[in-house]
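What follows is a single structure, written as structure tokens, with notes after it.
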Amino acid sequence: MEEIDGLLAAGAKALGDGDWPAARAAFGSDGVRDTAAGLNGLGTAQWWLGDTRSTFSCWERAYALYRRSDPAEAVFTALGLSFVYDANFGDRAAAQGWAARAVRVAASLGDPVVSAWASLARAGSAPGADAADVAAWCEAAYEVGADAGDRDLELCALSMWGSALIELGHVIEGTALLDEALAGALGGEGARPDTVVLTSCLLMRSCVRGADFLRVVQWTRSLDGFISRYGCPYLNASCRASYGAVLIAIGDWSRAEDELVAAAELAQDAAPAVQAEAAAFLADLRLGQGRVAEARLLLTGFEDRAVVRPVLAATYLTAGEVAMALSLVRRHLDEATPLDEARLREVLGAACLAAGDVAGAVAEAERLTALGTTTDSGLIAARAARLCGRALLAQGKSREAVARLSAAMTWFGLLEMPLEVARTRMMLAQALCPDEPTPAVAEARIALAVFEDLGARADADAASAWLRAAGASAARVGPRGLGLLTQRERDVLAVLAEGLPNPEIAARLYISRRTVEHHVASILSKLGARNRTEVAAYLTRVSE
């Protein structure tokens with residue numbers, strides 16, 4: 001018995017240190033793996049090592065043992081099973097079953113903290129739950145955690161509360177809660193690394209929904225210390241796919257490809273809902289690359305999934321199947337969240353224009369603008385301004401169109417979405433052309449350079465054709481790659497050009513060395529350079 005206790009202690013220490021192989025060895029020892037604590041620890045180690053199937057087996061056996069000896073621990077084990085069944089496999093039925101079991105067992109104990117934890121499982125898995133109800137449950141759980149001093153409960157509830165608020169369109173308020181929760185988790189307030197997993201993944205997914213891509217990139221840098229100790233917290237296909245979506249939006253398409261392919265592989269054994277999410281993001285990348293047929297193929301079999309509909313509608317429209325796009329959007333608008341509704345309405349307005357229904361496009365622009373007044377989402381504001389601009393242009397009101405398209409371009413720029421900035425810039429060129437042809441050509445050339453840098457082939461071909469029709473050369477102006485750099489990356493590049501090492505760049509710009517490393521890696525990727533020497537040569541060519 002003393003030997004088993006010693007191994008349990010050694011396993012617990014290894015878990016705390018993030019030494020997952022050592023934890024697996026300790027908890028998997030003879031005798032230890034027959035105990036509830038041993039099975040629970042072994043399942044946790046297997047989860048961090050990527051063996052999710054073994055995690056389920058261990059935790060389910062641990063639950064049965066805990067149910068007879070320690071009902072409170074049984075609740076926590078059921079909670080973990082509910083979250084992992086949902087996040088890793090998209091098995092909502094199993095997630096709901098384990099959440100219901102956690103709630104029922106917790107109710108029999110009369111412990112408010114245990115009941116609050118169980119309510120989080122219910123909030124995360126309740127079928128068809130209204131986001132307002134979820135927000136209320138999480139707020140109540142947060143208050144229990146804060147009063148009881150259970151920091152893990154407090155931070156997890158805060159994160160889920162913020163995520164629910166974003167679903168309701170309260171982006172600023174929700175994002176603030178997500179930031180606070182992850183800051184507390186990374187700051188060591190919680191006792192469990194799992195708290196970082198939950199808070200980081202929720203922030204990732206919620207920010208992707210709200211198009212707050214820069215925030216994700218910034219937080220990813222802050223996770224470096226955690227990752228070096230524990231490993232990557234993006235342990236399921238959904239988080240991995242969401243990170244891929246971030247990389248698409250900010251223009252790092254080569255890394256996005258790697259992440260999304262990895263997410264698709266992780267989702268192979270998952271439920272269709274998880275597979276659909278990975279497929280939708282990868283299809284969005286293919287659509288941006290102009291590979292429409294491949295995008296359509298990726299979405300085959302997932303057409304009825306809500307996460308797929310905006311991408312599928314855009315695919316129909318790009319392929320010229322206007323009637324299909326109109327039908328799909330109109331059938332599902334009432335079911336969409338505000339953020340999905342915004343994209344669907346923009347596609348609907350564009351489809352109306354393609355069908356010659358200018359009045360219909362104007363009506364959708366008005367509805368999208370009204371939607372924007374009920375939320376604080378920059379992405380919704382950007383989409384509304386762009387559709388308004390297109391509708392005004394179709395009515396021959398080019399001056400008004402220029403104003404709205406300029407506003408949309410500013411919004412997309414603030415959101416760090418280079419493809420959408422370039423697409424809006426092309427629309428701006430069309431609006432400017434009747435009265436100011438020279439600025440119009442200049443705007444189109446800038447857009448063309450971004451399309452070429454990204455690898456957006458169809459957009460690049462369309463921009464080149466427009467320039468030729470305008471009597472201008474379609475040759476790019478300026479060096480390849482610079483159009484994709486963020487302002488901070490340009491700052492780093494300027495100092496890098498002086499030949500300074502990373503520590504001195506960090507000191508000059510008042511940022512951390514790890515942040516400099518991240519920016520330098522991103523600059524190399526976007527400029528197609530393998531090292532600093534090639535960057536220097538690149539800059540020399542540009543200046544000549």
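Just so we're on the same page: first chain in the structure tokens is A, next is B, and so on; residues restart at 1 for each chain, and ligands are numbered from 1 in the order they show up.
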
All residues 8 Å or closer to region 295-299 of chain A, only C-alpha atoms, same chain fewer than 5 positions away omitted, as a count of residues only: 11

Spatial neighbours of Val75 (chain A), 9 Å, only C-alpha atoms, chain gap at least 2 places, as an MDAnalysis selection string: chainID A and resid 63 66:67 71:73 77:80 99 101:106 114:115 117:118

Distance criterion (only C-alpha atoms): nearest to Gly413 (chain A) out of A:Arg457, A:Arg33, A:Arg425, A:Arg330: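 Ranked by minimum distance to Gly413 (chain A), first place goes to A:Arg425.
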
A:Ala270, A:Ala462, A:Cys207, A:Leu467 ranked by distance to Leu415 (chain A), top pick (using only C-alpha atoms):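 Counting only C-alpha atoms, the residue closest to Leu415 (chain A) is A:Cys207.
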
Helix (DSSP H, G or I) per DSSP on the backbone: members of region 99-248 of chain A, as JSON, numbers by chain: {"A": [99, 100, 101, 102, 103, 104, 105, 106, 107, 108, 109, 112, 113, 114, 115, 116, 117, 118, 119, 120, 121, 122, 123, 124, 125, 131, 132, 133, 134, 135, 136, 137, 138, 139, 140, 141, 142, 143, 144, 145, 146, 147, 148, 151, 152, 153, 154, 155, 156, 157, 158, 159, 160, 161, 162, 163, 164, 165, 166, 167, 171, 172, 173, 174, 175, 176, 177, 178, 179, 180, 181, 182, 183, 184, 185, 186, 193, 194, 195, 196, 197, 198, 199, 200, 201, 202, 203, 204, 205, 206, 207, 208, 209, 210, 213, 214, 215, 216, 217, 218, 219, 220, 221, 222, 224, 225, 226, 227, 228, 229, 230, 237, 238, 239, 240, 241, 242, 243, 244, 245, 246, 247, 248]}

May I have the residues within 10 Å of Arg209 (chain A) as an mmCIF file with all heavy atoms, in the first residue's frame, using only C-alpha atoms and disregarding those fewer than 2 positions away in the same chain?
data_model
loop_
_atom_site.group_PDB
_atom_site.id
_atom_site.type_symbol
_atom_site.label_atom_id
_atom_site.label_comp_id
_atom_site.auth_asym_id
_atom_site.auth_seq_id
_atom_site.Cartn_x
_atom_site.Cartn_y
_atom_site.Cartn_z
ATOM 1 N N SER A 163 -17.622 33.738 -23.550
ATOM 2 C CA SER A 163 -17.924 33.097 -24.827
ATOM 3 C C SER A 163 -19.405 33.204 -25.158
ATOM 4 O O SER A 163 -19.796 33.474 -26.304
ATOM 5 C CB SER A 163 -17.490 31.628 -24.775
ATOM 6 O OG SER A 163 -17.788 30.977 -25.980
ATOM 7 N N ILE A 166 -20.330 36.707 -26.341
ATOM 8 C CA ILE A 166 -19.934 36.941 -27.734
ATOM 9 C C ILE A 166 -20.952 36.328 -28.683
ATOM 10 O O ILE A 166 -21.306 36.921 -29.708
ATOM 11 C CB ILE A 166 -18.515 36.396 -27.996
ATOM 12 C CG1 ILE A 166 -17.491 37.292 -27.295
ATOM 13 C CG2 ILE A 166 -18.216 36.329 -29.494
ATOM 14 C CD1 ILE A 166 -16.066 36.813 -27.390
ATOM 15 N N GLU A 167 -21.469 35.132 -28.348
ATOM 16 C CA GLU A 167 -22.518 34.516 -29.163
ATOM 17 C C GLU A 167 -23.742 35.424 -29.243
ATOM 18 O O GLU A 167 -24.464 35.434 -30.243
ATOM 19 C CB GLU A 167 -22.906 33.161 -28.586
ATOM 20 C CG GLU A 167 -21.906 32.052 -28.843
ATOM 21 C CD GLU A 167 -21.795 31.709 -30.321
ATOM 22 O OE1 GLU A 167 -22.831 31.682 -31.018
ATOM 23 O OE2 GLU A 167 -20.663 31.498 -30.790
ATOM 24 N N VAL A 171 -19.651 41.643 -28.068
ATOM 25 C CA VAL A 171 -18.273 41.235 -28.307
ATOM 26 C C VAL A 171 -17.298 41.895 -27.334
ATOM 27 O O VAL A 171 -16.407 41.240 -26.784
ATOM 28 C CB VAL A 171 -17.880 41.537 -29.768
ATOM 29 C CG1 VAL A 171 -16.419 41.193 -30.013
ATOM 30 C CG2 VAL A 171 -18.769 40.759 -30.725
ATOM 31 N N LEU A 203 -11.098 31.235 -25.779
ATOM 32 C CA LEU A 203 -10.718 32.520 -26.348
ATOM 33 C C LEU A 203 -10.413 32.382 -27.833
ATOM 34 O O LEU A 203 -10.840 33.208 -28.646
ATOM 35 C CB LEU A 203 -9.500 33.082 -25.613
ATOM 36 C CG LEU A 203 -9.070 34.482 -26.079
ATOM 37 C CD1 LEU A 203 -8.747 35.385 -24.897
ATOM 38 C CD2 LEU A 203 -7.855 34.410 -27.005
ATOM 39 N N MET A 204 -9.702 31.310 -28.192
ATOM 40 C CA MET A 204 -9.384 31.070 -29.591
ATOM 41 C C MET A 204 -10.650 30.991 -30.438
ATOM 42 O O MET A 204 -10.833 31.712 -31.426
ATOM 43 C CB MET A 204 -8.598 29.756 -29.714
ATOM 44 C CG MET A 204 -8.441 29.242 -31.132
ATOM 45 S SD MET A 204 -7.227 30.164 -32.048
ATOM 46 C CE MET A 204 -5.752 29.624 -31.211
ATOM 47 N N ARG A 205 -11.580 30.146 -30.028
ATOM 48 C CA ARG A 205 -12.772 29.918 -30.840
ATOM 49 C C ARG A 205 -13.672 31.147 -30.864
ATOM 50 O O ARG A 205 -14.247 31.484 -31.902
ATOM 51 C CB ARG A 205 -13.525 28.694 -30.317
ATOM 52 C CG ARG A 205 -12.690 27.416 -30.383
ATOM 53 C CD ARG A 205 -13.500 26.198 -30.003
ATOM 54 N NE ARG A 205 -14.538 25.943 -30.999
ATOM 55 C CZ ARG A 205 -15.487 25.019 -30.854
ATOM 56 N NH1 ARG A 205 -15.526 24.303 -29.755
ATOM 57 N NH2 ARG A 205 -16.390 24.823 -31.783
ATOM 58 N N SER A 206 -13.798 31.810 -29.735
ATOM 59 C CA SER A 206 -14.665 32.987 -29.678
ATOM 60 C C SER A 206 -14.092 34.132 -30.503
ATOM 61 O O SER A 206 -14.832 34.847 -31.186
ATOM 62 C CB SER A 206 -14.865 33.428 -28.228
ATOM 63 O OG SER A 206 -15.544 32.438 -27.484
ATOM 64 N N CYS A 207 -12.786 34.314 -30.459
ATOM 65 C CA CYS A 207 -12.167 35.385 -31.236
ATOM 66 C C CYS A 207 -12.239 35.091 -32.729
ATOM 67 O O CYS A 207 -12.358 36.019 -33.541
ATOM 68 C CB CYS A 207 -10.723 35.608 -30.803
ATOM 69 S SG CYS A 207 -10.581 36.439 -29.207
ATOM 70 N N ALA A 211 -13.866 37.522 -35.302
ATOM 71 C CA ALA A 211 -12.829 38.063 -36.199
ATOM 72 C C ALA A 211 -11.817 38.928 -35.464
ATOM 73 O O ALA A 211 -11.256 39.853 -36.031
ATOM 74 C CB ALA A 211 -13.459 38.842 -37.350
ATOM 75 N N ASP A 212 -11.556 38.611 -34.207
ATOM 76 C CA ASP A 212 -10.559 39.363 -33.447
ATOM 77 C C ASP A 212 -9.237 38.608 -33.530
ATOM 78 O O ASP A 212 -8.719 38.084 -32.549
ATOM 79 C CB ASP A 212 -11.015 39.502 -31.991
ATOM 80 C CG ASP A 212 -10.237 40.575 -31.245
ATOM 81 O OD1 ASP A 212 -9.237 41.061 -31.807
ATOM 82 O OD2 ASP A 212 -10.619 40.907 -30.119
ATOM 83 N N PHE A 213 -8.684 38.560 -34.735
ATOM 84 C CA PHE A 213 -7.540 37.702 -35.003
ATOM 85 C C PHE A 213 -6.260 38.201 -34.337
ATOM 86 O O PHE A 213 -5.428 37.403 -33.909
ATOM 87 C CB PHE A 213 -7.352 37.556 -36.513
ATOM 88 C CG PHE A 213 -8.587 37.068 -37.208
ATOM 89 C CD1 PHE A 213 -9.263 37.874 -38.096
ATOM 90 C CD2 PHE A 213 -9.096 35.812 -36.945
ATOM 91 C CE1 PHE A 213 -10.416 37.434 -38.727
ATOM 92 C CE2 PHE A 213 -10.248 35.364 -37.568
ATOM 93 C CZ PHE A 213 -10.911 36.178 -38.459
ATOM 94 N N SER A 242 -9.594 26.270 -35.418
ATOM 95 C CA SER A 242 -9.802 27.700 -35.177
ATOM 96 C C SER A 242 -8.504 28.476 -35.352
ATOM 97 O O SER A 242 -8.494 29.588 -35.900
ATOM 98 C CB SER A 242 -10.366 27.923 -33.773
ATOM 99 O OG SER A 242 -11.668 27.393 -33.664
ATOM 100 N N ALA A 245 -7.957 29.010 -38.882
ATOM 101 C CA ALA A 245 -8.802 30.089 -39.400
ATOM 102 C C ALA A 245 -8.186 31.451 -39.110
ATOM 103 O O ALA A 245 -8.277 32.378 -39.928
ATOM 104 C CB ALA A 245 -10.194 29.998 -38.783
ATOM 105 N N VAL A 246 -7.553 31.586 -37.948
ATOM 106 C CA VAL A 246 -6.859 32.833 -37.616
ATOM 107 C C VAL A 246 -5.746 33.090 -38.635
ATOM 108 O O VAL A 246 -5.597 34.207 -39.150
ATOM 109 C CB VAL A 246 -6.261 32.765 -36.199
ATOM 110 C CG1 VAL A 246 -5.342 33.956 -35.948
ATOM 111 C CG2 VAL A 246 -7.363 32.730 -35.158
ATOM 112 N N THR A 337 -26.463 32.692 -35.834
ATOM 113 C CA THR A 337 -26.003 33.632 -34.806
ATOM 114 C C THR A 337 -25.735 34.976 -35.481
ATOM 115 O O THR A 337 -25.609 35.042 -36.714
ATOM 116 C CB THR A 337 -24.707 33.131 -34.157
ATOM 117 O OG1 THR A 337 -23.667 33.117 -35.147
ATOM 118 C CG2 THR A 337 -24.885 31.728 -33.588
ATOM 119 N N PRO A 338 -25.635 36.064 -34.727
ATOM 120 C CA PRO A 338 -25.393 37.368 -35.366
ATOM 121 C C PRO A 338 -24.176 37.395 -36.285
ATOM 122 O O PRO A 338 -24.222 37.983 -37.371
ATOM 123 C CB PRO A 338 -25.214 38.312 -34.165
ATOM 124 C CG PRO A 338 -26.047 37.698 -33.089
ATOM 125 C CD PRO A 338 -25.880 36.216 -33.268
ATOM 126 N N LEU A 339 -23.086 36.744 -35.883
ATOM 127 C CA LEU A 339 -21.874 36.788 -36.700
ATOM 128 C C LEU A 339 -22.036 35.990 -37.987
ATOM 129 O O LEU A 339 -21.580 36.414 -39.055
ATOM 130 C CB LEU A 339 -20.688 36.271 -35.880
ATOM 131 C CG LEU A 339 -20.280 37.200 -34.726
ATOM 132 C CD1 LEU A 339 -19.387 36.465 -33.750
ATOM 133 C CD2 LEU A 339 -19.602 38.446 -35.254
ATOM 134 N N ASP A 340 -22.683 34.820 -37.903
ATOM 135 C CA ASP A 340 -22.946 34.053 -39.118
ATOM 136 C C ASP A 340 -23.973 34.768 -39.987
ATOM 137 O O ASP A 340 -23.879 34.763 -41.220
ATOM 138 C CB ASP A 340 -23.448 32.654 -38.768
ATOM 139 C CG ASP A 340 -22.328 31.710 -38.393
ATOM 140 O OD1 ASP A 340 -21.157 32.043 -38.673
ATOM 141 O OD2 ASP A 340 -22.613 30.646 -37.821
ATOM 142 N N LEU A 379 -16.466 43.205 -37.228
ATOM 143 C CA LEU A 379 -16.646 42.438 -38.462
ATOM 144 C C LEU A 379 -18.023 42.697 -39.064
ATOM 145 O O LEU A 379 -18.161 42.843 -40.281
ATOM 146 C CB LEU A 379 -16.453 40.950 -38.179
ATOM 147 C CG LEU A 379 -16.606 40.020 -39.380
ATOM 148 C CD1 LEU A 379 -15.640 40.396 -40.495
ATOM 149 C CD2 LEU A 379 -16.396 38.567 -38.966
#

Counting only C-alpha atoms, the residue of A:Asp34, A:Val402, A:Arg151, A:Gly288 that sits nearest Ala440 (chain A):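 With only C-alpha atoms as the atom set, the closest residue is A:Val402.
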
Region 179-193 of chain A surroundings by only C-alpha atoms, 7 Å radius, close-in-sequence under 2 positions cut, as a PyMOL selection string: chain A and resi 151-152+155+158-159+175-177+195-197+199-200

With N, CA and C atoms retained, could you export that selection as an mmCIF file, in the first residue's frame?
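Written output follows (part_5.cif):
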data_model
loop_
_atom_site.group_PDB
_atom_site.id
_atom_site.type_symbol
_atom_site.label_atom_id
_atom_site.label_comp_id
_atom_site.auth_asym_id
_atom_site.auth_seq_id
_atom_site.Cartn_x
_atom_site.Cartn_y
_atom_site.Cartn_z
ATOM 1 N N ARG A 151 -10.354 29.218 -7.528
ATOM 2 C CA ARG A 151 -9.921 30.035 -8.659
ATOM 3 C C ARG A 151 -10.110 29.321 -10.003
ATOM 4 N N ASP A 152 -9.938 28.005 -10.017
ATOM 5 C CA ASP A 152 -10.156 27.285 -11.278
ATOM 6 C C ASP A 152 -11.610 27.414 -11.720
ATOM 7 N N LEU A 155 -12.244 31.040 -12.941
ATOM 8 C CA LEU A 155 -11.671 31.370 -14.246
ATOM 9 C C LEU A 155 -12.381 30.639 -15.374
ATOM 10 N N LEU A 158 -15.761 32.274 -15.848
ATOM 11 C CA LEU A 158 -15.577 33.580 -16.461
ATOM 12 C C LEU A 158 -15.371 33.441 -17.973
ATOM 13 N N SER A 159 -14.559 32.464 -18.361
ATOM 14 C CA SER A 159 -14.273 32.241 -19.777
ATOM 15 C C SER A 159 -15.526 31.801 -20.534
ATOM 16 N N THR A 175 -15.312 39.622 -24.768
ATOM 17 C CA THR A 175 -13.870 39.514 -24.973
ATOM 18 C C THR A 175 -13.103 39.931 -23.725
ATOM 19 N N ALA A 176 -13.607 40.943 -23.038
ATOM 20 C CA ALA A 176 -12.948 41.385 -21.813
ATOM 21 C C ALA A 176 -12.922 40.259 -20.778
ATOM 22 N N LEU A 177 -14.003 39.495 -20.677
ATOM 23 C CA LEU A 177 -14.046 38.379 -19.728
ATOM 24 C C LEU A 177 -13.091 37.260 -20.153
ATOM 25 N N THR A 195 -7.134 24.331 -16.738
ATOM 26 C CA THR A 195 -7.807 25.625 -16.778
ATOM 27 C C THR A 195 -7.264 26.476 -17.919
ATOM 28 N N VAL A 196 -5.968 26.383 -18.177
ATOM 29 C CA VAL A 196 -5.382 27.099 -19.313
ATOM 30 C C VAL A 196 -5.910 26.529 -20.621
ATOM 31 N N VAL A 197 -6.068 25.200 -20.681
ATOM 32 C CA VAL A 197 -6.596 24.573 -21.891
ATOM 33 C C VAL A 197 -7.980 25.125 -22.204
ATOM 34 N N THR A 199 -9.571 27.895 -21.016
ATOM 35 C CA THR A 199 -9.644 29.338 -21.263
ATOM 36 C C THR A 199 -8.984 29.735 -22.571
ATOM 37 N N SER A 200 -7.884 29.086 -22.933
ATOM 38 C CA SER A 200 -7.207 29.443 -24.190
ATOM 39 C C SER A 200 -8.012 28.978 -25.393
#

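Nearest-residue note for Ala494 (chain A): choosing from A:Val535, A:Ala37, A:Phe226, A:Gly149, the minimum distance belongs to A:Val535, counting only C-alpha atoms.
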